[in-house]
>>> print(open('my_file-v2.txt').read())   # compact mmCIF, C-alpha atoms
# COMPACT_ATOMS: atom_id res chain seq x y z
CA MET A 1 -14.03 -0.22 -24.33
CA LYS A 2 -12.32 2.81 -25.84
CA ASN A 3 -10.68 4.01 -22.61
CA LEU A 4 -9.37 0.57 -21.63
CA LYS A 5 -5.76 1.62 -22.27
CA LEU A 6 -6.08 4.29 -19.58
CA TYR A 7 -6.98 1.61 -17.03
CA HIS A 8 -3.54 0.07 -17.58
CA ILE A 9 -2.04 3.01 -15.67
CA PRO A 10 -3.62 2.19 -12.27
CA ILE A 11 -2.82 -1.51 -12.75
CA VAL A 12 0.88 -0.87 -13.45
CA TYR A 13 1.16 1.43 -10.41
CA MET A 14 -0.72 -1.13 -8.31
CA ILE A 15 1.98 -3.70 -9.13
CA LEU A 16 4.68 -1.25 -8.01
CA TYR A 17 2.70 -0.46 -4.84
CA VAL A 18 2.37 -4.14 -3.95
CA VAL A 19 6.10 -4.72 -4.49
CA ALA A 20 6.81 -1.74 -2.19
CA LEU A 21 4.38 -3.20 0.39
CA LEU A 22 6.11 -6.59 0.25
CA VAL A 23 9.56 -5.00 0.64
CA THR A 24 8.53 -2.83 3.62
CA GLY A 25 6.70 -5.81 5.15
CA ILE A 26 9.78 -8.05 4.94
CA TRP A 27 11.96 -5.21 6.26
CA LEU A 28 9.59 -4.72 9.23
CA PHE A 29 9.61 -8.43 9.99
CA LEU A 30 13.42 -8.58 9.90
CA LEU A 31 13.64 -5.47 12.11
CA SER A 32 11.38 -7.16 14.65
CA GLN A 33 13.88 -10.05 14.63
CA GLY A 34 16.78 -7.71 15.44
CA LEU A 35 18.08 -6.87 11.97
CA ASP A 36 21.24 -4.78 12.10
CA SER A 37 22.56 -2.85 9.14
CA SER A 38 24.02 -5.23 6.48
CA GLN A 39 23.58 -8.29 8.72
CA LEU A 40 20.85 -9.94 6.68
CA LEU A 41 22.28 -13.47 6.61
CA ALA A 42 23.09 -13.37 10.33
CA THR A 43 19.51 -12.27 11.08
CA LEU A 44 18.08 -15.06 8.89
CA SER A 45 20.17 -17.72 10.62
CA LYS A 46 19.15 -16.22 13.99
CA ILE A 47 15.47 -16.58 13.01
CA VAL A 48 16.07 -20.24 12.12
CA GLU A 49 17.94 -20.97 15.35
CA SER A 50 16.02 -18.86 17.87
CA PRO A 51 13.25 -16.56 16.62
CA ALA A 52 12.48 -13.46 18.72
CA PRO A 53 10.00 -14.28 21.52
CA LYS A 54 6.52 -12.85 20.98
CA SER A 55 3.40 -12.78 23.13
CA ILE A 56 -0.14 -13.56 22.04
CA HIS A 57 -0.83 -9.82 22.31
CA ASN A 58 2.00 -9.12 19.80
CA PHE A 59 0.65 -11.83 17.51
CA ILE A 60 -2.94 -10.49 17.53
CA GLU A 61 -1.65 -6.94 17.01
CA VAL A 62 0.14 -8.01 13.82
CA ALA A 63 -2.30 -10.66 12.58
CA THR A 64 -5.51 -8.59 12.79
CA PRO A 65 -4.67 -5.82 10.27
CA HIS A 66 -2.87 -8.34 8.03
CA MET A 67 -5.92 -10.62 7.80
CA PHE A 68 -7.89 -7.71 6.36
CA ALA A 69 -5.12 -6.09 4.31
CA ILE A 70 -3.63 -9.19 2.70
CA GLY A 71 -7.07 -10.66 1.94
CA THR A 72 -8.18 -7.42 0.30
CA LEU A 73 -4.92 -7.04 -1.60
CA ILE A 74 -5.01 -10.57 -3.04
CA PHE A 75 -8.61 -10.03 -4.12
CA VAL A 76 -7.85 -6.65 -5.75
CA VAL A 77 -4.78 -7.95 -7.61
CA ALA A 78 -6.23 -11.33 -8.59
CA HIS A 79 -9.53 -9.95 -9.89
CA PHE A 80 -7.65 -8.30 -12.76
CA MET A 81 -6.94 -11.81 -14.05
CA LEU A 82 -10.67 -12.00 -14.92
CA PHE A 83 -9.92 -9.68 -17.84
CA SER A 84 -6.81 -11.56 -18.95
CA THR A 85 -6.81 -13.23 -22.36
CA LYS A 86 -3.23 -14.51 -22.08
CA VAL A 87 -3.45 -16.61 -18.90
CA SER A 88 -6.15 -19.24 -18.38
CA HIS A 89 -8.80 -18.58 -15.74
CA LYS A 90 -8.26 -22.08 -14.35
CA PHE A 91 -4.59 -21.38 -13.59
CA SER A 92 -5.43 -17.94 -12.16
CA LEU A 93 -8.04 -19.53 -9.91
CA ARG A 94 -5.61 -22.18 -8.62
CA LEU A 95 -2.87 -19.65 -7.99
CA SER A 96 -5.22 -17.19 -6.25
CA LEU A 97 -6.65 -19.85 -3.95
CA THR A 98 -3.15 -21.16 -3.14
CA LEU A 99 -2.07 -17.60 -2.41
CA PHE A 100 -5.02 -17.12 -0.01
CA ILE A 101 -4.07 -20.33 1.83
CA VAL A 102 -0.34 -19.50 1.95
CA ALA A 103 -1.17 -15.96 3.17
CA LEU A 104 -3.21 -17.44 6.01
CA LEU A 105 -0.36 -19.84 6.85
CA ASN A 106 2.10 -16.94 6.76
CA ILE A 107 0.00 -14.92 9.20
CA VAL A 108 -0.47 -17.78 11.68
CA ALA A 109 3.06 -19.24 11.22
CA TYR A 110 4.31 -17.61 14.41
CA LEU A 111 1.66 -19.33 16.58
CA PRO A 112 3.51 -22.69 16.93
CA ILE A 113 6.65 -20.74 17.94
CA ILE A 114 4.70 -18.74 20.56
CA PHE A 115 3.20 -21.92 22.03
CA GLY A 116 6.60 -23.64 22.04
CA LEU A 117 5.55 -26.38 19.61
CA VAL A 118 8.38 -25.42 17.27
CA VAL A 119 11.71 -24.08 18.46
CA SER A 120 13.10 -23.12 15.07
CA GLY A 121 11.76 -20.21 13.02
CA TRP A 122 12.04 -22.00 9.67
CA VAL A 123 8.22 -22.40 9.58
CA LYS A 124 7.77 -18.65 9.49
CA LEU A 125 10.59 -18.11 6.99
CA LEU A 126 9.25 -20.81 4.68
CA ALA A 127 5.68 -19.43 4.83
CA LEU A 128 6.90 -15.86 4.26
CA GLY A 129 9.15 -16.89 1.36
CA LEU A 130 6.39 -18.91 -0.30
CA PHE A 131 3.86 -16.11 0.15
CA VAL A 132 6.17 -13.48 -1.39
CA LEU A 133 7.12 -15.80 -4.26
CA LEU A 134 3.50 -16.63 -5.13
CA PHE A 135 2.46 -12.98 -4.87
CA LEU A 136 5.28 -12.01 -7.24
CA VAL A 137 4.13 -14.71 -9.68
CA LEU A 138 0.57 -13.31 -9.55
CA LEU A 139 1.89 -9.78 -10.11
CA GLY A 140 3.95 -11.07 -13.03
CA MET A 141 0.84 -12.66 -14.51
CA VAL A 142 -1.08 -9.38 -14.20
CA ALA A 143 1.81 -7.49 -15.82
CA PHE A 144 2.05 -10.10 -18.61
CA SER A 145 -1.69 -9.80 -19.26
CA LEU A 146 -1.55 -6.03 -19.86
CA MET B 147 -18.27 -4.13 -13.01
CA LYS B 148 -21.53 -2.18 -13.26
CA PHE B 149 -19.42 0.96 -13.05
CA LEU B 150 -17.39 0.01 -16.11
CA VAL B 151 -20.32 -1.30 -18.12
CA THR B 152 -22.99 1.38 -17.52
CA LYS B 153 -22.71 3.82 -20.39
CA GLU B 154 -24.33 6.83 -18.82
CA LEU B 155 -23.92 7.35 -15.10
CA ALA B 156 -26.67 9.98 -15.01
CA TYR B 157 -29.25 7.26 -15.70
CA SER B 158 -28.29 5.34 -12.60
CA SER B 159 -28.93 7.68 -9.70
CA LEU B 160 -27.92 5.05 -7.12
CA LEU B 161 -24.50 4.49 -8.70
CA LYS B 162 -24.01 8.24 -9.18
CA ASN B 163 -24.79 8.96 -5.54
CA LEU B 164 -22.60 6.09 -4.35
CA ILE B 165 -19.65 7.52 -6.26
CA VAL B 166 -20.36 11.00 -4.90
CA GLY B 167 -20.47 9.53 -1.38
CA VAL B 168 -17.19 7.64 -1.68
CA CYS B 169 -15.47 10.69 -3.23
CA ILE B 170 -16.60 12.93 -0.36
CA ALA B 171 -15.31 10.32 2.13
CA LEU B 172 -11.97 10.13 0.26
CA PHE B 173 -11.74 13.95 0.19
CA PHE B 174 -11.98 14.05 4.00
CA TYR B 175 -9.61 11.06 4.28
CA PHE B 176 -6.87 12.93 2.39
CA MET B 177 -7.53 16.09 4.41
CA LEU B 178 -7.28 14.24 7.73
CA ASP B 179 -4.25 12.26 6.53
CA VAL B 180 -2.32 15.54 6.20
CA LEU B 181 -3.27 16.40 9.80
CA LEU B 182 -2.35 12.90 11.00
CA HIS B 183 1.10 13.12 9.45
CA GLY B 184 1.44 16.58 10.95
CA TYR B 185 0.89 15.10 14.40
CA ILE B 186 3.19 12.12 13.77
CA ILE B 187 6.06 13.75 11.82
CA GLY B 188 5.52 17.43 12.63
CA PHE B 189 3.81 20.52 11.26
CA THR B 190 6.90 22.68 10.78
CA PHE B 191 10.25 21.89 9.15
CA GLU B 192 11.98 22.11 12.55
CA GLU B 193 9.46 19.72 14.14
CA MET B 194 9.97 17.25 11.26
CA ASN B 195 13.73 17.39 11.65
CA SER B 196 13.40 16.85 15.41
CA THR B 197 11.14 13.84 14.87
CA LEU B 198 13.36 12.25 12.23
CA TYR B 199 16.83 13.13 13.50
CA GLY B 200 16.25 14.05 17.16
CA ASN B 201 17.20 17.25 18.92
CA ALA B 202 20.05 17.15 21.46
CA GLU B 203 19.20 20.59 22.89
CA GLU B 204 15.62 19.58 23.68
CA PHE B 205 16.55 15.98 24.61
CA ILE B 206 14.41 14.55 21.79
CA GLU B 207 15.38 11.10 20.52
CA PRO B 208 14.97 10.38 16.78
CA ILE B 209 11.96 8.27 15.84
CA LEU B 210 12.72 4.54 15.69
CA ILE B 211 13.08 3.07 12.20
CA ASP B 212 10.48 0.40 13.17
CA SER B 213 7.85 3.05 13.95
CA LEU B 214 8.54 5.07 10.81
CA LEU B 215 8.61 1.99 8.59
CA LEU B 216 5.31 0.80 10.06
CA GLN B 217 3.75 4.18 9.25
CA VAL B 218 5.14 3.98 5.69
CA HIS B 219 3.81 0.41 5.33
CA ILE B 220 0.32 1.53 6.42
CA ASP B 221 0.51 4.64 4.20
CA LEU B 222 1.35 2.52 1.16
CA PHE B 223 -1.65 0.25 1.71
CA MET B 224 -4.11 3.06 2.42
CA SER B 225 -2.99 5.23 -0.47
CA LEU B 226 -3.01 2.26 -2.87
CA LEU B 227 -6.71 1.66 -2.26
CA ALA B 228 -7.68 5.35 -2.07
CA VAL B 229 -5.71 6.45 -5.13
CA MET B 230 -6.84 3.46 -7.19
CA MET B 231 -10.47 4.31 -6.48
CA ILE B 232 -10.04 7.97 -7.39
CA ALA B 233 -8.02 7.16 -10.53
CA SER B 234 -10.54 4.57 -11.77
CA ILE B 235 -13.52 6.91 -11.28
CA TYR B 236 -11.62 9.82 -12.81
CA ILE B 237 -10.63 7.79 -15.89
CA ARG B 238 -14.25 6.66 -16.28
CA LEU B 239 -15.58 10.24 -16.20
CA PHE B 240 -12.80 12.18 -17.93
CA SER B 241 -11.44 9.64 -20.42
CA THR B 242 -11.85 12.01 -23.38
CA GLN B 243 -9.64 14.72 -21.90
CA LYS B 244 -5.93 14.71 -22.77
CA MET B 245 -4.94 15.80 -19.26
CA THR B 246 -6.44 12.67 -17.66
CA LYS B 247 -3.47 10.44 -18.48
CA TRP B 248 -0.95 12.88 -16.99
CA LEU B 249 -3.07 13.68 -13.94
CA VAL B 250 -3.41 9.98 -13.11
CA HIS B 251 0.32 9.41 -13.64
CA THR B 252 1.17 12.40 -11.42
CA LEU B 253 -1.25 11.30 -8.70
CA PHE B 254 0.18 7.77 -8.58
CA LEU B 255 3.81 8.90 -8.73
CA LEU B 256 3.40 11.45 -5.93
CA SER B 257 1.45 9.03 -3.73
CA LEU B 258 3.90 6.18 -4.30
CA LEU B 259 7.07 8.22 -3.95
CA SER B 260 6.20 10.24 -0.85
CA PRO B 261 6.32 7.30 1.65
CA MET B 262 9.54 6.08 0.02
CA ILE B 263 11.11 9.55 0.18
CA LEU B 264 10.19 9.75 3.88
CA ILE B 265 12.24 6.60 4.60
CA PHE B 266 15.01 7.90 2.33
CA ALA B 267 14.99 11.21 4.24
CA TYR B 268 15.27 9.37 7.56
CA LEU B 269 18.30 7.44 6.29
CA THR B 270 20.01 10.31 4.48
CA SER B 271 19.62 14.08 4.74
CA LYS B 272 17.39 17.02 5.55
CA ILE B 273 17.12 17.98 1.87
CA ALA B 274 15.05 14.84 1.29
CA VAL B 275 12.63 15.99 4.01
CA PHE B 276 11.88 19.05 1.90
CA ILE B 277 11.28 16.84 -1.17
CA TRP B 278 8.98 14.65 0.95
CA ILE B 279 6.93 17.68 2.07
CA VAL B 280 6.48 18.81 -1.56
CA CYS B 281 5.50 15.30 -2.78
CA PHE B 282 3.20 14.63 0.17
CA VAL B 283 1.34 17.95 0.02
CA LEU B 284 1.06 18.00 -3.78
CA GLY B 285 -0.12 14.38 -3.89
CA HIS B 286 -2.82 14.97 -1.29
CA LEU B 287 -3.86 18.26 -2.89
CA LEU B 288 -4.14 16.64 -6.32
CA ALA B 289 -6.19 13.75 -4.92
CA MET B 290 -8.55 16.24 -3.22
CA ILE B 291 -8.87 18.33 -6.40
CA MET B 292 -9.67 15.21 -8.44
CA THR B 293 -12.38 14.13 -5.98
CA VAL B 294 -13.90 17.62 -6.17
CA MET B 295 -13.84 17.46 -10.00
CA ILE B 296 -15.57 14.05 -9.93
CA VAL B 297 -18.27 15.25 -7.51
CA LYS B 298 -18.76 18.46 -9.51
CA LYS B 299 -19.12 16.57 -12.78
CA LEU B 300 -21.62 14.11 -11.32
CA LEU B 301 -23.74 16.61 -9.45
CA LEU B 302 -23.78 19.47 -11.94
CA LYS B 303 -24.47 17.33 -14.99
>>> encode(input="my_file-v2.txt", output="structure tokens")
Amino acid sequence: MKNLKLYHIPIVYMILYVVALLVTGIWLFLLSQGLDSSQLLATLSKIVESPAPKSIHNFIEVATPHMFAIGTLIFVVAHFMLFSTKVSHKFSLRLSLTLFIVALLNIVAYLPIIFGLVVSGWVKLLALGLFVLLFLVLLGMVAFSL
Amino acid sequence: MKFLVTKELAYSSLLKNLIVGVCIALFFYFMLDVLLHGYIIGFTFEEMNSTLYGNAEEFIEPILIDSLLLQVHIDLFMSLLAVMMIASIYIRLFSTQKMTKWLVHTLFLLSLLSPMILIFAYLTSKIAVFIWIVCFVLGHLLAMIMTVMIVKKLLLK
């Protein structure tokens, strides 16, 4: 297609948008855990030791828009891999499906803490870290395919 | 995919009307988004300053960083989807024009930078609020103009 080069512009900006979304999302999460200015490590260790208490209402309020938004975002980003000639479709498929599963785990990771099944917040931190890492890998693959 | 593959949109009246419909919806979305931000941040420069930095004389507390960041987070998601749709349709219809590349770049830059500048303004100075107003209004105006151009091209063809 002759105007295919022009479609690279929205894709590049989409990658920047998603990075900005991930950064603001992490920042919001840390703020909800009592992040003070330049106290990142202290906040992280506080999450591991005693994560901020949340109610089911808080959980539903956060989980509902994220179920829609993260699902849509993974689909939008990952579907560009259909046009990739540099990365195999099999690998893209595996990564996308793993990302969907990790995203779901990330969203529901606070449930065991709310119900008192887990005292430490490492579950949430691990799920969040894995989700961000995999999303960045997918974004890197899209960027590499351009 | 049909959108990218179909050579002539005029032959597919369903697709043409669907694009016209989504562009009209996006036009009203951008219009209402300006109003929404007016209610949240303020309509005048003084109101915006009061919201972001508080006003001791009127006993107004500054907006919490959590609330502002949440708004920015939502704005980023909404504008990503809206601007991507407009840009993709615009590229499809106006790919032969030289201006297309620069219009799409400008639209994305303004839409991406304005939420970031709002946070920057909250953390720094009032000058950044002015830059945010310019970016926000121009970005929304450009998006609305591009939707009108798309609708005009499809309907008057």
>>> residues_around(input="my_file-v2.txt", residues="Ile220 in chain B", least_positions_apart="3", cutoff="10 Å", atoms="all atoms listed in the file", output="PDB file with C-alpha atoms, in the frame of the given file")
ATOM      1  CA  LEU A  21       4.380  -3.200   0.390  1.00  0.00           C
ATOM      2  CA  THR A  24       8.530  -2.830   3.620  1.00  0.00           C
ATOM      3  CA  GLY A  25       6.700  -5.810   5.150  1.00  0.00           C
ATOM      4  CA  PRO A  65      -4.670  -5.820  10.270  1.00  0.00           C
ATOM      5  CA  ALA A  69      -5.120  -6.090   4.310  1.00  0.00           C
TER       6      ALA A  69
ATOM      7  CA  LEU B 214       8.540   5.070  10.810  1.00  0.00           C
ATOM      8  CA  LEU B 215       8.610   1.990   8.590  1.00  0.00           C
ATOM      9  CA  LEU B 216       5.310   0.800  10.060  1.00  0.00           C
ATOM     10  CA  GLN B 217       3.750   4.180   9.250  1.00  0.00           C
ATOM     11  CA  PHE B 223      -1.650   0.250   1.710  1.00  0.00           C
ATOM     12  CA  MET B 224      -4.110   3.060   2.420  1.00  0.00           C
ATOM     13  CA  SER B 225      -2.990   5.230  -0.470  1.00  0.00           C
ATOM     14  CA  LEU B 226      -3.010   2.260  -2.870  1.00  0.00           C
ATOM     15  CA  PRO B 261       6.320   7.300   1.650  1.00  0.00           C
TER      16      PRO B 261
END
>>> interface_residues(input="my_file-v2.txt", of="chain B", to="chain A", cutoff="12 Å", atoms="only C-alpha atoms", output="PDB file with C-alpha atoms, in the coordinates of the input")
ATOM      1  CA  MET B 147     -18.270  -4.130 -13.010  1.00  0.00           C
ATOM      2  CA  LEU B 150     -17.390   0.010 -16.110  1.00  0.00           C
ATOM      3  CA  VAL B 151     -20.320  -1.300 -18.120  1.00  0.00           C
ATOM      4  CA  THR B 152     -22.990   1.380 -17.520  1.00  0.00           C
ATOM      5  CA  LYS B 153     -22.710   3.820 -20.390  1.00  0.00           C
ATOM      6  CA  LEU B 210      12.720   4.540  15.690  1.00  0.00           C
ATOM      7  CA  ILE B 211      13.080   3.070  12.200  1.00  0.00           C
ATOM      8  CA  ASP B 212      10.480   0.400  13.170  1.00  0.00           C
ATOM      9  CA  SER B 213       7.850   3.050  13.950  1.00  0.00           C
ATOM     10  CA  LEU B 214       8.540   5.070  10.810  1.00  0.00           C
ATOM     11  CA  LEU B 215       8.610   1.990   8.590  1.00  0.00           C
ATOM     12  CA  LEU B 216       5.310   0.800  10.060  1.00  0.00           C
ATOM     13  CA  GLN B 217       3.750   4.180   9.250  1.00  0.00           C
ATOM     14  CA  VAL B 218       5.140   3.980   5.690  1.00  0.00           C
ATOM     15  CA  HIS B 219       3.810   0.410   5.330  1.00  0.00           C
ATOM     16  CA  ILE B 220       0.320   1.530   6.420  1.00  0.00           C
ATOM     17  CA  ASP B 221       0.510   4.640   4.200  1.00  0.00           C
ATOM     18  CA  LEU B 222       1.350   2.520   1.160  1.00  0.00           C
ATOM     19  CA  PHE B 223      -1.650   0.250   1.710  1.00  0.00           C
ATOM     20  CA  MET B 224      -4.110   3.060   2.420  1.00  0.00           C
ATOM     21  CA  SER B 225      -2.990   5.230  -0.470  1.00  0.00           C
ATOM     22  CA  LEU B 226      -3.010   2.260  -2.870  1.00  0.00           C
ATOM     23  CA  LEU B 227      -6.710   1.660  -2.260  1.00  0.00           C
ATOM     24  CA  ALA B 228      -7.680   5.350  -2.070  1.00  0.00           C
ATOM     25  CA  VAL B 229      -5.710   6.450  -5.130  1.00  0.00           C
ATOM     26  CA  MET B 230      -6.840   3.460  -7.190  1.00  0.00           C
ATOM     27  CA  MET B 231     -10.470   4.310  -6.480  1.00  0.00           C
ATOM     28  CA  ILE B 232     -10.040   7.970  -7.390  1.00  0.00           C
ATOM     29  CA  ALA B 233      -8.020   7.160 -10.530  1.00  0.00           C
ATOM     30  CA  SER B 234     -10.540   4.570 -11.770  1.00  0.00           C
ATOM     31  CA  ILE B 235     -13.520   6.910 -11.280  1.00  0.00           C
ATOM     32  CA  TYR B 236     -11.620   9.820 -12.810  1.00  0.00           C
ATOM     33  CA  ILE B 237     -10.630   7.790 -15.890  1.00  0.00           C
ATOM     34  CA  ARG B 238     -14.250   6.660 -16.280  1.00  0.00           C
ATOM     35  CA  LEU B 239     -15.580  10.240 -16.200  1.00  0.00           C
ATOM     36  CA  PHE B 240     -12.800  12.180 -17.930  1.00  0.00           C
ATOM     37  CA  SER B 241     -11.440   9.640 -20.420  1.00  0.00           C
ATOM     38  CA  THR B 242     -11.850  12.010 -23.380  1.00  0.00           C
ATOM     39  CA  GLN B 243      -9.640  14.720 -21.900  1.00  0.00           C
ATOM     40  CA  LYS B 244      -5.930  14.710 -22.770  1.00  0.00           C
ATOM     41  CA  MET B 245      -4.940  15.800 -19.260  1.00  0.00           C
ATOM     42  CA  THR B 246      -6.440  12.670 -17.660  1.00  0.00           C
ATOM     43  CA  LYS B 247      -3.470  10.440 -18.480  1.00  0.00           C
ATOM     44  CA  TRP B 248      -0.950  12.880 -16.990  1.00  0.00           C
ATOM     45  CA  LEU B 249      -3.070  13.680 -13.940  1.00  0.00           C
ATOM     46  CA  VAL B 250      -3.410   9.980 -13.110  1.00  0.00           C
ATOM     47  CA  HIS B 251       0.320   9.410 -13.640  1.00  0.00           C
ATOM     48  CA  THR B 252       1.170  12.400 -11.420  1.00  0.00           C
ATOM     49  CA  LEU B 253      -1.250  11.300  -8.700  1.00  0.00           C
ATOM     50  CA  PHE B 254       0.180   7.770  -8.580  1.00  0.00           C
ATOM     51  CA  LEU B 255       3.810   8.900  -8.730  1.00  0.00           C
ATOM     52  CA  LEU B 256       3.400  11.450  -5.930  1.00  0.00           C
ATOM     53  CA  SER B 257       1.450   9.030  -3.730  1.00  0.00           C
ATOM     54  CA  LEU B 258       3.900   6.180  -4.300  1.00  0.00           C
ATOM     55  CA  LEU B 259       7.070   8.220  -3.950  1.00  0.00           C
ATOM     56  CA  SER B 260       6.200  10.240  -0.850  1.00  0.00           C
ATOM     57  CA  PRO B 261       6.320   7.300   1.650  1.00  0.00           C
ATOM     58  CA  MET B 262       9.540   6.080   0.020  1.00  0.00           C
ATOM     59  CA  ILE B 265      12.240   6.600   4.600  1.00  0.00           C
ATOM     60  CA  LEU B 269      18.300   7.440   6.290  1.00  0.00           C
TER      61      LEU B 269
END
>>> atom_distance(input="my_file-v2.txt", atom1="CA of Ser55 in chain A", atom2="CA of Phe135 in chain A")
28.0 Å
>>> residues_around(input="my_file-v2.txt", residues="Asn58 in chain A", least_positions_apart="3", cutoff="12 Å", atoms="all atoms listed in the file", output="list in words")
Ser32, Ala52, Pro53, Lys54, Ser55, Glu61, Val62, Ala63, Thr64, Tyr110, Leu111 and Ile114 of chain A
>>> atom_distance(input="my_file-v2.txt", atom1="CA of Ile296 in chain B", atom2="CA of Leu164 in chain B")
12.0 Å
>>> atom_distance(input="my_file-v2.txt", atom1="CA of Ile165 in chain B", atom2="CA of Met292 in chain B")
12.8 Å
>>> residues_around(input="my_file-v2.txt", residues="Ile291 in chain B", least_positions_apart="3", cutoff="12 Å", atoms="all atoms listed in the file", output="list in words")
Cys169, Ile170, Leu172, Phe173, Phe174, Phe176, Met177, Ile232, Ala233, Tyr236, Leu249, Leu253, Leu284, Gly285, His286, Leu287, Leu288, Val294, Met295, Ile296, Val297 and Lys298 of chain B
>>> residues_around(input="my_file-v2.txt", residues="range 93-96 of chain A", least_positions_apart="6", cutoff="12 Å", atoms="only C-alpha atoms", output="VMD selection string")
chain A and resid 71 73 to 82 87 102 to 103 131 133 to 139 141 to 142
>>> axis_aligned_box(input="my_file-v2.txt", around="range 3-9 of chain A", padding_each_side="8 Å", output="lines of an AutoDock Vina configuration file")
center_x = -6.4
center_y = 2.2
center_z = -19.1
size_x = 24.6
size_y = 20.2
size_z = 22.9
>>> closest_residue(input="my_file-v2.txt", among="B:Ile187, B:Val180, B:Ile273, B:Val280", to="Ile209 in chain B", atoms="all atoms listed in the file")
B:Ile187
